[in-house]
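Next comes input25.cif, with mmCIF, C-alpha atoms and all ligand atoms.
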data_run
loop_
_atom_site.label_atom_id
_atom_site.label_comp_id
_atom_site.auth_asym_id
_atom_site.auth_seq_id
_atom_site.Cartn_x
_atom_site.Cartn_y
_atom_site.Cartn_z
CA MET A 1 129.11 152.12 112.43
CA ILE A 2 130.86 148.87 113.40
CA GLN A 3 133.44 149.36 110.64
CA ASN A 4 134.61 152.67 112.15
CA ASP A 5 134.55 151.33 115.69
CA VAL A 6 136.78 148.36 114.91
CA LEU A 7 139.21 150.55 113.00
CA ALA A 8 139.40 153.01 115.91
CA LYS A 9 139.99 150.14 118.33
CA PHE A 10 142.74 148.73 116.11
CA LYS A 11 144.56 152.10 116.14
CA GLU A 12 144.15 152.34 119.91
CA ILE A 13 145.62 148.85 120.47
CA PHE A 14 148.24 148.64 117.72
CA GLY A 15 148.92 152.29 116.85
CA GLU A 16 148.38 154.44 113.76
CA GLY A 17 150.21 154.31 110.46
CA GLY A 18 150.77 151.96 107.55
CA GLU A 19 148.14 150.45 105.34
CA ILE A 20 145.24 149.14 107.40
CA GLY A 21 142.51 146.95 105.88
CA VAL A 22 139.03 146.34 107.29
CA TYR A 23 137.38 143.03 106.39
CA PHE A 24 134.26 141.02 107.13
CA ALA A 25 133.25 137.36 106.95
CA PRO A 26 129.72 136.20 107.76
CA GLY A 27 128.41 133.59 110.17
CA ARG A 28 126.07 130.99 108.79
CA VAL A 29 122.86 129.21 109.57
CA ASN A 30 121.92 125.84 108.16
CA MET A 31 118.26 125.77 107.08
CA ILE A 32 118.08 121.98 106.71
CA GLY A 33 120.45 119.01 106.19
CA GLU A 34 121.95 118.47 109.64
CA HIS A 35 124.70 115.95 110.38
CA THR A 36 124.67 115.02 106.70
CA ASP A 37 127.89 116.82 105.75
CA TYR A 38 130.19 114.04 106.95
CA ASN A 39 127.84 111.39 105.57
CA GLY A 40 128.18 112.39 101.93
CA GLY A 41 124.77 114.08 101.94
CA HIS A 42 123.34 117.49 101.08
CA VAL A 43 123.19 120.60 103.23
CA PHE A 44 121.35 123.88 102.73
CA PRO A 45 123.05 126.69 104.66
CA CYS A 46 123.16 130.42 104.10
CA ALA A 47 125.59 133.15 105.09
CA LEU A 48 124.30 135.90 107.38
CA THR A 49 124.75 139.66 107.49
CA ILE A 50 126.17 139.20 111.01
CA GLY A 51 129.62 137.67 111.42
CA THR A 52 133.21 138.64 112.19
CA TYR A 53 134.99 141.91 111.42
CA GLY A 54 138.78 141.88 111.05
CA VAL A 55 141.25 144.76 110.91
CA ALA A 56 144.75 143.90 109.72
CA ARG A 57 148.12 145.41 108.87
CA LYS A 58 151.29 143.79 107.62
CA ARG A 59 154.40 144.00 109.82
CA GLU A 60 158.02 144.30 108.72
CA ASP A 61 159.15 141.61 111.21
CA LYS A 62 157.84 138.06 111.76
CA LYS A 63 155.70 138.89 114.79
CA LEU A 64 152.02 138.12 115.00
CA ARG A 65 149.95 140.27 117.33
CA PHE A 66 146.32 139.41 117.89
CA TYR A 67 143.50 141.15 119.77
CA SER A 68 139.81 140.29 119.96
CA MET A 69 137.14 142.68 121.15
CA ASN A 70 135.19 139.57 122.18
CA PHE A 71 138.01 138.45 124.50
CA GLU A 72 139.34 141.79 125.74
CA GLU A 73 140.36 140.24 129.07
CA LEU A 74 143.04 138.26 127.22
CA GLY A 75 144.67 141.44 125.88
CA VAL A 76 147.17 141.26 123.01
CA ILE A 77 148.35 137.70 122.30
CA GLU A 78 151.69 137.46 120.51
CA SER A 79 153.34 134.79 118.45
CA SER A 80 155.46 134.38 115.32
CA VAL A 81 154.97 133.20 111.73
CA GLU A 82 157.81 130.71 112.35
CA GLY A 83 157.09 127.34 113.95
CA LEU A 84 153.30 127.72 114.05
CA LYS A 85 151.75 125.10 116.32
CA PRO A 86 148.61 124.93 118.47
CA GLU A 87 149.20 126.05 122.06
CA LYS A 88 146.72 126.14 124.91
CA GLU A 89 147.90 129.60 126.04
CA ALA A 90 147.29 130.90 122.54
CA ASP A 91 143.54 130.44 123.18
CA TRP A 92 141.38 131.77 120.31
CA THR A 93 144.44 132.81 118.28
CA ASN A 94 144.87 129.11 117.45
CA TYR A 95 142.16 129.68 114.82
CA PRO A 96 143.93 132.40 112.79
CA LYS A 97 147.30 130.74 113.45
CA GLY A 98 145.87 127.47 112.16
CA VAL A 99 144.88 129.12 108.90
CA MET A 100 148.38 130.60 108.48
CA TRP A 101 149.83 127.14 109.13
CA ALA A 102 147.39 125.61 106.61
CA PHE A 103 148.45 128.16 103.95
CA GLY A 104 152.05 127.03 104.55
CA GLU A 105 151.07 123.36 104.19
CA LYS A 106 149.47 124.23 100.82
CA GLY A 107 152.68 125.85 99.60
CA MET A 108 151.82 129.44 100.53
CA LYS A 109 154.06 130.18 103.47
CA VAL A 110 153.43 133.46 105.26
CA GLU A 111 156.86 135.06 105.71
CA GLN A 112 155.89 138.34 107.30
CA GLY A 113 154.01 139.11 110.50
CA MET A 114 150.81 141.10 111.00
CA ASP A 115 148.64 142.84 113.56
CA LEU A 116 145.08 141.52 113.58
CA LEU A 117 142.04 142.69 115.51
CA LEU A 118 138.73 140.81 115.50
CA PHE A 119 135.22 141.66 116.51
CA GLY A 120 132.33 139.23 116.11
CA ASN A 121 128.67 140.18 116.32
CA ILE A 122 127.56 136.56 116.24
CA PRO A 123 127.52 134.53 119.45
CA ASN A 124 130.57 132.25 120.02
CA GLY A 125 130.17 128.53 120.47
CA SER A 126 126.49 128.61 119.56
CA GLY A 127 126.33 126.86 116.24
CA LEU A 128 126.43 129.90 113.93
CA SER A 129 130.01 128.95 113.09
CA SER A 130 132.00 131.79 114.53
CA SER A 131 135.07 129.56 114.25
CA ALA A 132 134.61 129.03 110.52
CA SER A 133 133.89 132.75 110.17
CA VAL A 134 137.26 133.53 111.80
CA GLU A 135 139.01 130.97 109.57
CA VAL A 136 137.56 132.23 106.29
CA LEU A 137 138.14 135.83 107.37
CA THR A 138 141.79 135.07 108.17
CA GLY A 139 142.26 133.33 104.83
CA TYR A 140 140.72 136.26 103.00
CA ILE A 141 143.00 138.69 104.85
CA LEU A 142 146.12 136.62 104.05
CA LYS A 143 145.13 136.57 100.41
CA ASP A 144 144.66 140.32 100.36
CA LEU A 145 147.75 141.27 102.42
CA PHE A 146 150.23 138.85 100.88
CA GLY A 147 148.81 138.40 97.37
CA PHE A 148 148.19 134.65 97.50
CA GLU A 149 146.14 133.31 94.62
CA VAL A 150 143.24 131.45 96.18
CA THR A 151 139.56 131.24 95.32
CA ASN A 152 136.80 131.50 97.91
CA GLN A 153 136.28 127.76 97.58
CA ASP A 154 139.99 127.25 98.39
CA LEU A 155 139.46 129.40 101.49
CA ALA A 156 136.68 127.04 102.59
CA LEU A 157 138.87 123.96 102.13
CA ILE A 158 141.87 125.57 103.83
CA GLY A 159 139.63 126.65 106.74
CA GLN A 160 138.30 123.13 107.20
CA PHE A 161 141.80 121.66 106.88
CA SER A 162 143.11 123.97 109.59
CA GLU A 163 140.17 123.33 111.94
CA ASN A 164 140.62 119.56 111.47
CA LYS A 165 144.40 119.37 111.64
CA PHE A 166 145.46 122.35 113.73
CA ASN A 167 142.52 122.76 116.10
CA GLY A 168 141.65 119.07 116.29
CA VAL A 169 137.95 119.59 115.50
CA ASN A 170 136.70 116.93 113.12
CA CYS A 171 134.19 119.19 111.30
CA GLY A 172 132.78 118.62 107.80
CA ILE A 173 132.99 121.15 104.96
CA MET A 174 129.58 122.81 105.40
CA ASP A 175 130.45 125.72 107.68
CA GLN A 176 133.47 127.06 105.84
CA PHE A 177 131.80 126.52 102.47
CA ALA A 178 128.61 128.34 103.47
CA ILE A 179 130.65 131.29 104.71
CA ALA A 180 133.23 131.50 101.91
CA MET A 181 130.62 131.08 99.15
CA GLY A 182 127.79 133.11 100.72
CA LYS A 183 125.43 135.10 98.49
CA ALA A 184 122.86 137.62 99.71
CA GLY A 185 119.28 136.38 99.53
CA HIS A 186 120.36 132.82 98.67
CA ALA A 187 121.01 129.55 100.44
CA ILE A 188 123.57 127.11 99.08
CA PHE A 189 122.43 123.63 98.09
CA LEU A 190 125.67 121.73 98.50
CA ASP A 191 126.43 118.09 97.81
CA THR A 192 129.13 117.44 100.38
CA ALA A 193 130.32 114.31 98.55
CA THR A 194 131.23 116.14 95.33
CA LEU A 195 131.19 119.85 96.36
CA GLU A 196 128.76 120.49 93.52
CA TYR A 197 126.48 123.33 94.54
CA THR A 198 123.73 125.63 93.36
CA TYR A 199 122.34 128.84 94.81
CA ALA A 200 118.65 128.81 95.67
CA PRO A 201 116.88 132.12 96.24
CA ILE A 202 115.14 132.29 99.61
CA LYS A 203 111.95 134.20 98.92
CA LEU A 204 110.00 134.32 102.14
CA GLU A 205 107.03 136.48 101.41
CA ASN A 206 105.91 138.17 104.62
CA ALA A 207 108.15 135.99 106.77
CA LYS A 208 111.52 136.22 108.52
CA ILE A 209 114.27 133.85 109.59
CA VAL A 210 114.55 133.94 113.38
CA ILE A 211 117.48 132.37 115.20
CA SER A 212 116.90 131.46 118.84
CA CYS A 213 120.08 130.97 120.82
CA SER A 214 119.71 128.62 123.79
CA ASN A 215 122.76 130.01 125.60
CA LYS A 216 123.53 126.41 126.53
CA LYS A 217 127.17 125.82 125.77
CA ARG A 218 127.91 122.60 123.96
CA GLY A 219 129.84 121.05 126.85
CA LEU A 220 129.87 117.34 126.12
CA GLY A 221 128.91 118.12 122.55
CA ASP A 222 132.28 117.62 120.95
CA SER A 223 132.72 114.06 122.24
CA LYS A 224 129.14 113.21 121.29
CA TYR A 225 129.75 114.67 117.85
CA ASN A 226 132.70 112.33 117.35
CA GLU A 227 130.60 109.44 118.69
CA ARG A 228 127.89 110.10 116.07
CA ARG A 229 130.49 110.20 113.31
CA GLN A 230 131.86 106.89 114.50
CA GLU A 231 128.38 105.31 114.68
CA CYS A 232 127.65 106.39 111.11
CA GLU A 233 131.00 105.09 109.87
CA THR A 234 130.37 101.71 111.46
CA ALA A 235 126.83 101.56 110.04
CA LEU A 236 128.21 102.43 106.60
CA ALA A 237 130.78 99.63 106.83
CA GLU A 238 128.01 97.17 107.74
CA LEU A 239 125.85 98.33 104.81
CA GLN A 240 128.80 98.09 102.42
CA LYS A 241 128.75 94.32 102.93
CA VAL A 242 125.39 94.19 101.15
CA VAL A 243 125.30 97.25 98.88
CA ASP A 244 127.93 99.09 96.86
CA ILE A 245 127.98 102.63 98.31
CA LYS A 246 130.66 105.09 99.33
CA SER A 247 128.50 107.06 101.76
CA LEU A 248 125.09 106.98 103.47
CA GLY A 249 124.12 109.95 101.31
CA GLU A 250 123.87 107.67 98.27
CA LEU A 251 120.89 105.75 99.64
CA THR A 252 117.21 106.55 99.11
CA GLU A 253 114.73 105.87 101.93
CA GLU A 254 113.53 102.72 100.13
CA GLN A 255 117.06 101.37 99.70
CA PHE A 256 117.78 102.03 103.34
CA GLU A 257 114.70 100.10 104.45
CA GLN A 258 115.72 97.26 102.14
CA TYR A 259 119.28 96.95 103.46
CA LYS A 260 119.06 98.17 107.05
CA SER A 261 119.04 94.66 108.56
CA ALA A 262 122.76 94.56 107.73
CA ILE A 263 123.30 97.02 110.59
CA LYS A 264 123.70 94.90 113.70
CA ASP A 265 122.73 97.39 116.36
CA GLU A 266 119.45 99.28 116.95
CA ILE A 267 121.15 102.53 117.88
CA ARG A 268 123.25 102.51 114.71
CA VAL A 269 120.13 101.83 112.63
CA LYS A 270 118.59 105.02 114.04
CA ARG A 271 121.73 107.07 113.39
CA ALA A 272 122.03 105.86 109.80
CA LYS A 273 118.31 106.34 109.25
CA HIS A 274 118.64 109.98 110.21
CA ALA A 275 121.57 110.48 107.83
CA VAL A 276 119.68 108.91 104.90
CA TYR A 277 116.26 110.47 105.55
CA GLU A 278 117.66 113.90 106.40
CA ASN A 279 119.54 113.96 103.11
CA GLN A 280 116.35 113.10 101.21
CA ARG A 281 114.43 115.72 103.21
CA THR A 282 116.99 118.32 102.20
CA ILE A 283 116.62 117.46 98.51
CA LYS A 284 112.82 117.69 98.87
CA ALA A 285 113.03 120.96 100.80
CA VAL A 286 115.03 122.64 98.04
CA GLU A 287 112.51 121.36 95.49
CA ALA A 288 109.69 122.77 97.64
CA LEU A 289 111.34 126.20 97.69
CA LYS A 290 111.72 126.11 93.91
CA ASN A 291 107.96 125.56 93.73
CA ASN A 292 107.39 128.43 96.15
CA ASP A 293 105.98 125.95 98.64
CA VAL A 294 107.27 127.51 101.85
CA LYS A 295 104.69 125.57 103.85
CA LEU A 296 106.17 122.23 102.76
CA PHE A 297 109.67 123.59 103.41
CA GLY A 298 108.56 124.35 106.98
CA GLU A 299 107.08 120.89 107.46
CA LEU A 300 110.36 119.33 106.36
CA MET A 301 112.21 121.55 108.86
CA ASN A 302 109.90 120.26 111.60
CA ALA A 303 110.46 116.65 110.53
CA SER A 304 114.21 117.30 110.56
CA HIS A 305 114.00 118.35 114.21
CA VAL A 306 112.00 115.27 115.18
CA SER A 307 114.59 113.04 113.52
CA LEU A 308 117.47 114.86 115.23
CA ARG A 309 115.63 114.54 118.55
CA ASP A 310 114.48 110.92 118.35
CA ASP A 311 116.84 109.10 115.97
CA TYR A 312 120.07 111.06 116.07
CA GLU A 313 119.61 112.19 119.69
CA VAL A 314 121.56 115.43 119.50
CA THR A 315 118.99 117.95 120.74
CA GLY A 316 118.56 118.10 124.53
CA ILE A 317 115.93 119.84 126.63
CA GLU A 318 117.06 123.37 125.73
CA LEU A 319 116.76 122.99 121.94
CA ASP A 320 113.63 120.86 122.25
CA THR A 321 111.96 123.50 124.42
CA LEU A 322 112.79 126.29 121.95
CA VAL A 323 111.43 124.28 119.02
CA GLU A 324 108.39 122.80 120.72
CA GLU A 325 107.36 126.21 122.08
CA ALA A 326 107.88 127.70 118.60
CA TRP A 327 105.59 125.08 117.05
CA LYS A 328 102.78 126.30 119.35
CA ILE A 329 102.87 129.82 117.91
CA GLN A 330 100.44 130.73 115.17
CA GLY A 331 102.47 132.02 112.22
CA VAL A 332 105.49 129.72 112.66
CA ILE A 333 106.05 128.01 109.30
CA GLY A 334 108.85 125.72 110.50
CA SER A 335 111.32 125.38 113.34
CA ARG A 336 114.29 123.11 114.06
CA MET A 337 117.63 122.93 115.82
CA THR A 338 120.54 124.03 113.64
CA GLY A 339 124.25 123.24 113.87
CA ALA A 340 125.77 120.27 115.67
CA GLY A 341 123.22 120.29 118.50
CA PHE A 342 123.47 119.57 122.26
CA GLY A 343 123.17 123.34 122.74
CA GLY A 344 123.50 126.28 120.39
CA CYS A 345 120.67 127.61 118.26
CA THR A 346 117.41 126.84 116.54
CA VAL A 347 116.23 128.32 113.23
CA SER A 348 112.60 129.20 112.56
CA ILE A 349 110.65 130.72 109.70
CA VAL A 350 108.12 133.08 111.23
CA LYS A 351 105.45 135.24 109.58
CA ASP A 352 106.25 138.95 109.92
CA ASP A 353 103.27 139.70 112.11
CA ALA A 354 104.09 136.83 114.49
CA VAL A 355 107.76 137.70 115.12
CA ASP A 356 107.13 139.84 118.23
CA THR A 357 104.81 137.24 119.76
CA PHE A 358 107.32 134.51 118.92
CA ILE A 359 110.15 136.24 120.73
CA LYS A 360 107.97 137.09 123.73
CA GLU A 361 106.22 133.74 124.14
CA VAL A 362 109.08 131.39 123.27
CA GLY A 363 111.40 133.57 125.35
CA SER A 364 109.26 133.47 128.49
CA ALA A 365 108.39 129.77 128.21
CA TYR A 366 112.09 128.97 127.75
CA GLU A 367 113.22 131.00 130.71
CA LYS A 368 110.52 129.50 132.90
CA LYS A 369 111.46 125.94 132.02
CA ILE A 370 115.24 126.19 131.66
CA GLY A 371 116.01 128.85 134.25
CA TYR A 372 117.90 131.32 132.07
CA ALA A 373 117.08 133.44 129.04
CA ALA A 374 117.47 132.69 125.33
CA ASP A 375 118.55 135.33 122.79
CA PHE A 376 116.75 135.99 119.53
CA TYR A 377 118.13 137.27 116.24
CA VAL A 378 115.97 138.22 113.27
CA VAL A 379 118.52 137.66 110.51
CA GLU A 380 119.09 138.48 106.85
CA ILE A 381 121.01 136.38 104.34
CA GLY A 382 124.22 138.11 103.34
CA ASP A 383 127.29 137.82 101.09
CA GLY A 384 130.58 135.98 101.65
CA PRO A 385 133.90 137.46 102.85
CA ARG A 386 134.90 140.90 101.63
CA LYS A 387 137.11 143.92 102.16
CA LEU A 388 135.17 146.88 103.54
CA ALA A 389 137.90 149.51 103.47
P1 LIG A 401 130.94 128.09 116.79
O1 LIG A 401 131.82 127.91 115.62
O2 LIG A 401 129.71 127.27 116.74
O3 LIG A 401 130.63 129.52 117.11
P2 LIG A 401 133.23 126.99 118.13
O4 LIG A 401 133.41 126.46 119.51
O5 LIG A 401 133.52 126.09 117.00
O6 LIG A 401 131.74 127.53 118.06
O7 LIG A 401 134.10 128.29 117.94
C1 LIG A 401 134.11 129.31 118.91
C2 LIG A 401 135.56 129.76 119.14
O8 LIG A 401 136.04 130.44 117.96
C3 LIG A 401 135.71 130.75 120.26
O9 LIG A 401 135.81 130.11 121.51
C4 LIG A 401 137.01 131.45 119.86
O10 LIG A 401 138.12 130.64 120.19
C5 LIG A 401 136.89 131.52 118.33
N1 LIG A 401 136.25 132.78 117.95
C6 LIG A 401 135.07 132.93 117.33
N2 LIG A 401 134.78 134.25 117.13
C7 LIG A 401 135.82 134.95 117.64
C8 LIG A 401 136.13 136.34 117.77
N3 LIG A 401 135.30 137.29 117.32
N4 LIG A 401 137.29 136.66 118.35
C9 LIG A 401 138.14 135.72 118.79
N5 LIG A 401 137.90 134.40 118.71
C10 LIG A 401 136.77 134.01 118.15
MG MG A 402 132.72 126.06 115.06
#

Would you mind writing the structure in this file as structure tokens?
Ligand code: ADP
Ligand code: MG
Amino acid sequence: MIQNDVLAKFKEIFGEGGEIGVYFAPGRVNMIGEHTDYNGGHVFPCALTIGTYGVARKREDKKLRFYSMNFEELGVIESSVEGLKPEKEADWTNYPKGVMWAFGEKGMKVEQGMDLLLFGNIPNGSGLSSSASVEVLTGYILKDLFGFEVTNQDLALIGQFSENKFNGVNCGIMDQFAIAMGKAGHAIFLDTATLEYTYAPIKLENAKIVISCSNKKRGLGDSKYNERRQECETALAELQKVVDIKSLGELTEEQFEQYKSAIKDEIRVKRAKHAVYENQRTIKAVEALKNNDVKLFGELMNASHVSLRDDYEVTGIELDTLVEEAWKIQGVIGSRMTGAGFGGCTVSIVKDDAVDTFIKEVGSAYEKKIGYAADFYVVEIGDGPRKLA
């Protein structure tokens, strides 16, 4: 069992003794509502049963010692709870350090060091939010080790704050929220403008959620991500001259069509259109699920991909190939890119009896066209962060 393996590894690296806790925080997949979370729109993510395991023990001194089984070549990386700041040499440890820094900024300074070992069974840098998983996991561990009083929702906000301010990644709230608030069998319908949310049961009779990982690293993705944010902000400012809104998420499709001539650039019209229509699609998709209309849910997923491909332009040949090959398979209810795009993963709803064919056919078509293999994960929706032992 993974839980025993990570504990054994911790003892091998950091030694026996003391009180050792084993923890887990999930990864997440967003079913629909992409690039809406920084536009005041809705998202519909769920936590997974795969994610990041953490093993931790308090220290008597102020030292921090970190080890990741996913980055064994880096060995133990050391630092201190004093003077926390991002450092290039600190590599991945900038994520847990960022969370400790963020706790301090919120009036919960960590005074004592710890040993921390991580192991993730989700792919890194692929859009399943391994970074947010590490952040929420770290927050949960700090709460448990040092007795801070924080809710899971606080852990989401602290995680986002640290990723924004410490790691310099301008992410919205979706990832950390989906992970911190995860509930088995449910997706979270979240209004990113107000943080109001409801849980919606995902009842897929005779079907599975399949994640296809393109193995294309994001590369230019981060700069493009910031460019899209900027385009949407500019479009919003142009619209605000003619209509009283705080975010693109407040507009219906009809209102957008009525006011869009205020946006003085064709590209920005397309970007804003995606933000508005995708938000409305997300609202409709959740309604469809409530009515047990999985077919309509799938069609909305497909439309989401088309919009991300043609209007928002964040897909690329790898994600398009995975999705377009998926659409050819009998028994695929819906398929779209998920996460920020430019690489990373797609999410598909696939009938049980078509899953094997899906993996075989999409896999071989992808490899033939792109030149390297994709990975496939048949996933289950799991709970939020927790202590395992
Ligand atoms: P994503 O969040 O989509 O997986 P990011 O680029 O935002 O991609 O985050 C990936 C980074 O998060 C990794 O490069 C690493 O720095 C950190 N990370 C994620 N999982 C782990 C892990 N198990 N151990 C150590 N670092 C991790
Ligand atoms: Mg991330």

Hey, could you make a per-residue contact list for chain A against ligand MG 402 (chain A) with 10 Å as the cut-off, showing the nearest pair of atoms and its distance in Å to one decimal, counting only C-alpha atoms and all ligand atoms, sorted by chain and number, as a Markdown table?
| residue | atom | partner | partner_atom | distance |
| --- | --- | --- | --- | --- |
| A:Gly27 | CA | A:MG402 | MG | 10.0 |
| A:Asn124 | CA | A:MG402 | MG | 8.2 |
| A:Gly125 | CA | A:MG402 | MG | 6.5 |
| A:Ser126 | CA | A:MG402 | MG | 8.1 |
| A:Gly127 | CA | A:MG402 | MG | 6.5 |
| A:Leu128 | CA | A:MG402 | MG | 7.5 |
| A:Ser129 | CA | A:MG402 | MG | 4.4 |
| A:Ser130 | CA | A:MG402 | MG | 5.8 |
| A:Ser131 | CA | A:MG402 | MG | 4.3 |
| A:Ala132 | CA | A:MG402 | MG | 5.7 |
| A:Ser133 | CA | A:MG402 | MG | 8.4 |
| A:Val134 | CA | A:MG402 | MG | 9.3 |
| A:Glu135 | CA | A:MG402 | MG | 9.7 |
| A:Glu163 | CA | A:MG402 | MG | 8.5 |
| A:Val169 | CA | A:MG402 | MG | 8.3 |
| A:Cys171 | CA | A:MG402 | MG | 8.0 |
| A:Asp175 | CA | A:MG402 | MG | 7.7 |
| A:Gln176 | CA | A:MG402 | MG | 9.3 |
| A:Gly339 | CA | A:MG402 | MG | 9.0 |
| A:Ala340 | CA | A:MG402 | MG | 9.1 |

query: Around (115.3, 122.0, 93.9) in the file's own coordinates, what residues are found within 12 Å if you use all atoms listed in the file, given back as number ranges by chain?
result: A: 42, 44, 187-190, 197-202, 280-293, 297

query: Hey, can you check how far CA of Asn30 in chain A sits from CA of Leu239 in chain A?
result: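 Calculated distance between CA of Asn30 in chain A and CA of Leu239 in chain A is 28.0 Å.
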
- request: Give me the residues within 10 Å of range 99-111 of chain A as a ChimeraX atom specification, counting only C-alpha atoms and dropping any in the same chain fewer than 6 places off.
  value: /A:60-63,80-86,134-139,142-143,146-150,155,157-163,165-167

What are the centre and the three edge lengths of an axis-aligned box that wraps all atoms of range 164-172 of chain A in the file, given that 8 Å is added to every side, written as JSON and rounded to one decimal in Å?
{"center_x": 139.1, "center_y": 119.8, "center_z": 112.0, "size_x": 28.7, "size_y": 21.8, "size_z": 24.5}
